[in-house]
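A quick write-up on the structure given underneath.
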Amino acid sequence: MRTHHRTRFLASALVALTVVGVLAGCSRAAETAAPAANAGAATEVRLGFFPNVTHAPALIGVKKDFFKQELGSTKLTTQTFNAGPEEVNALLGNSLDIAYIGSGPAINAFTKSKGTIQLISGAVSGGAQLVVKPDIASVDALKGKNIATPQLANTQDVALKKFVAGKNLTGQVKITNLDNSKTLDAFKKGEVDGGWLPEPWSSRLVLDAGAKVLVDEKDLWPGGRFPTTVIIVRSQFLQEHPDTVRAILKGQLAAIDWAKANPADAKTVVNGALKELAGSSLSQAVIDRAFSNIELTNDPIPAEFPQLAQDSVTAGVVKSAVALKGFADFGPLNDVLKAQNQPAVNAPELVK
């Protein structure tokens, strides 16, 4: 009888050890799980952007079917946003795959996602200004004034707070976060004294509401170039569907090339898209001024990102600048550029 019990005990122990071994193996496998495999073209790609002139490549790519032509059978689903932070939440919530976004929120997305959202291309440089009431004659005159930005911690919000800090005016300028369309109305009513705004909203305040330019952000960057709008992607989507990501980038290159060859038509297409998405079109003077302030470019201007990361600290948005190693994956973009005999983007400080 004791022999029988001993046999049962040994059998049970062997089973337990086997289970433990399997669990340990599973645990180690989970810890060293390989990146998602290439699953071919996606069935659907969900693309986010803003109804702003600073997102012209996206607007043109959608309206002129440049994306669809490259995507083939992949369904393109689009969604628009007012500003970057809410778009980042959509990416983090897995309801977007690829997004046109400001450079500041792009860095924030990389940080919040612990590296699983990455920069893959530029889109637009320039196109942001601090516009104010005509009687504000100097930067010092901003003391006690109420200045609007599109959203807390968005690209223009960081730019304004960094600028104010650099002028020793922190705490002396009221900063109000408003949707862009509401800023125009608030300025007309005298509820705000100006705004640090992307195009076409800075032009609308100037031409439709009598504001003047106090600061053009171009003047604050080397060579007048800074990444206003870039493209980011969920890393898992990129790993699983690199061909689909390349198709979006091919579509953007086609959209930018077409816009540069057909500037008048590009303005018309963007204006039509804005009317459809935002409910109203722009005057010809506004669309002309807005386009004169931007550069459509695939170049992400990578050299400026360390400064942009530091700006978020200066602006009080984050406590310390994020390490940007691994922030970007320019492989798909460089594949597309190489196929068109264009120079590659080289940014070793941003890639793994």
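By order of appearance in the structure tokens: chains A, B, ..., then residues from 1 within every chain, and ligands from 1 in the order shown.
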
Using only C-alpha atoms, what table do you get, as CSV, when you list each residue of segment 29-128 of chain A with an atom no more than 9 Å from segment 270-292 of chain A, its nearest pair of atoms, and their distance in Å rounded to one decimal, rows by chain then rising number?
residue,atom,partner,partner_atom,distance
A:Pro51,CA,A:Leu274,CA,5.8
A:Asn52,CA,A:Leu274,CA,7.3
A:Val53,CA,A:Ala290,CA,6.9
A:Thr54,CA,A:Ala290,CA,8.5
A:Ala56,CA,A:Val270,CA,6.3
A:Pro57,CA,A:Val270,CA,9.0
A:Leu59,CA,A:Val270,CA,6.1
A:Ile60,CA,A:Val270,CA,6.3
A:Val62,CA,A:Ala273,CA,9.0
A:Lys63,CA,A:Ala273,CA,7.0
A:Thr80,CA,A:Leu277,CA,8.0
A:Gly127,CA,A:Ala290,CA,7.0

Requested write-out: N, CA and C atoms of the selected residues, as a short mmCIF file (atom, residue, chain, number, x, y, z; two decimals), in the first residue's frame:
data_model
loop_
_atom_site.label_atom_id
_atom_site.label_comp_id
_atom_site.auth_asym_id
_atom_site.auth_seq_id
_atom_site.Cartn_x
_atom_site.Cartn_y
_atom_site.Cartn_z
N PRO A 51 -8.15 69.13 -40.33
CA PRO A 51 -8.65 69.98 -41.42
C PRO A 51 -7.95 71.34 -41.40
N ASN A 52 -6.64 71.30 -41.59
CA ASN A 52 -5.79 72.50 -41.59
C ASN A 52 -4.96 72.54 -42.87
N VAL A 53 -4.56 73.73 -43.28
CA VAL A 53 -3.67 73.85 -44.43
C VAL A 53 -2.33 73.19 -44.14
N THR A 54 -1.92 73.17 -42.87
CA THR A 54 -0.67 72.52 -42.50
C THR A 54 -0.73 71.00 -42.65
N ALA A 56 -1.95 69.79 -45.60
CA ALA A 56 -2.27 69.77 -47.04
C ALA A 56 -1.91 68.45 -47.73
N PRO A 57 -0.74 67.83 -47.45
CA PRO A 57 -0.45 66.57 -48.13
C PRO A 57 -1.50 65.49 -47.88
N LEU A 59 -4.75 66.10 -47.05
CA LEU A 59 -5.98 66.53 -47.71
C LEU A 59 -5.92 66.24 -49.21
N ILE A 60 -4.79 66.55 -49.83
CA ILE A 60 -4.63 66.32 -51.27
C ILE A 60 -4.56 64.82 -51.55
N VAL A 62 -5.95 62.41 -50.02
CA VAL A 62 -7.28 61.81 -49.92
C VAL A 62 -8.16 62.26 -51.08
N LYS A 63 -8.25 63.58 -51.29
CA LYS A 63 -9.19 64.12 -52.28
C LYS A 63 -8.81 63.74 -53.71
N THR A 80 -10.71 62.90 -38.80
CA THR A 80 -10.08 64.20 -38.57
C THR A 80 -10.11 64.58 -37.09
N GLY A 127 4.37 77.50 -41.19
CA GLY A 127 2.92 77.67 -41.11
C GLY A 127 2.36 77.84 -39.72
#

Check segment 152-328 of chain A with DSSP on the backbone and list each residue it calls strand (DSSP E or B), as a VMD selection string.
chain A and resid 174 to 177 194 to 198 212 to 216 227 to 234 294 to 296 328

Please build the interface table for segment 134-203 of chain A against segment 222-233 of chain A with a cut-off of 10 Å, listing for each qualifying residue the nearest atom pair and the distance in Å to one decimal; count only C-alpha atoms, order rows by chain and increasing number, and write it as JSON lines.
{"residue": "A:Thr155", "atom": "CA", "partner": "A:Thr228", "partner_atom": "CA", "distance": 7.7}
{"residue": "A:Gln156", "atom": "CA", "partner": "A:Thr228", "partner_atom": "CA", "distance": 9.1}
{"residue": "A:Pro198", "atom": "CA", "partner": "A:Thr228", "partner_atom": "CA", "distance": 8.5}

Would you tabulate, counting only C-alpha atoms, all residues of segment 57-160 of chain A that have an atom at most 7 Å from an atom of segment 308-318 of chain A, showing the closest pair of atoms and their distance in Å to one decimal, sorted by chain then ascending number, as a tab-separated table?
residue	atom	partner	partner_atom	distance
A:Gly104	CA	A:Leu308	CA	6.6
A:Ile107	CA	A:Ala309	CA	7.0
A:Ala153	CA	A:Val317	CA	6.3
A:Val158	CA	A:Ala315	CA	5.6

One residue among A:Ile120, A:Ala186, A:Ala90, A:Ala264 is nearest to Ala328 of chain A when using only C-alpha atoms, and that residue is A:Ile120
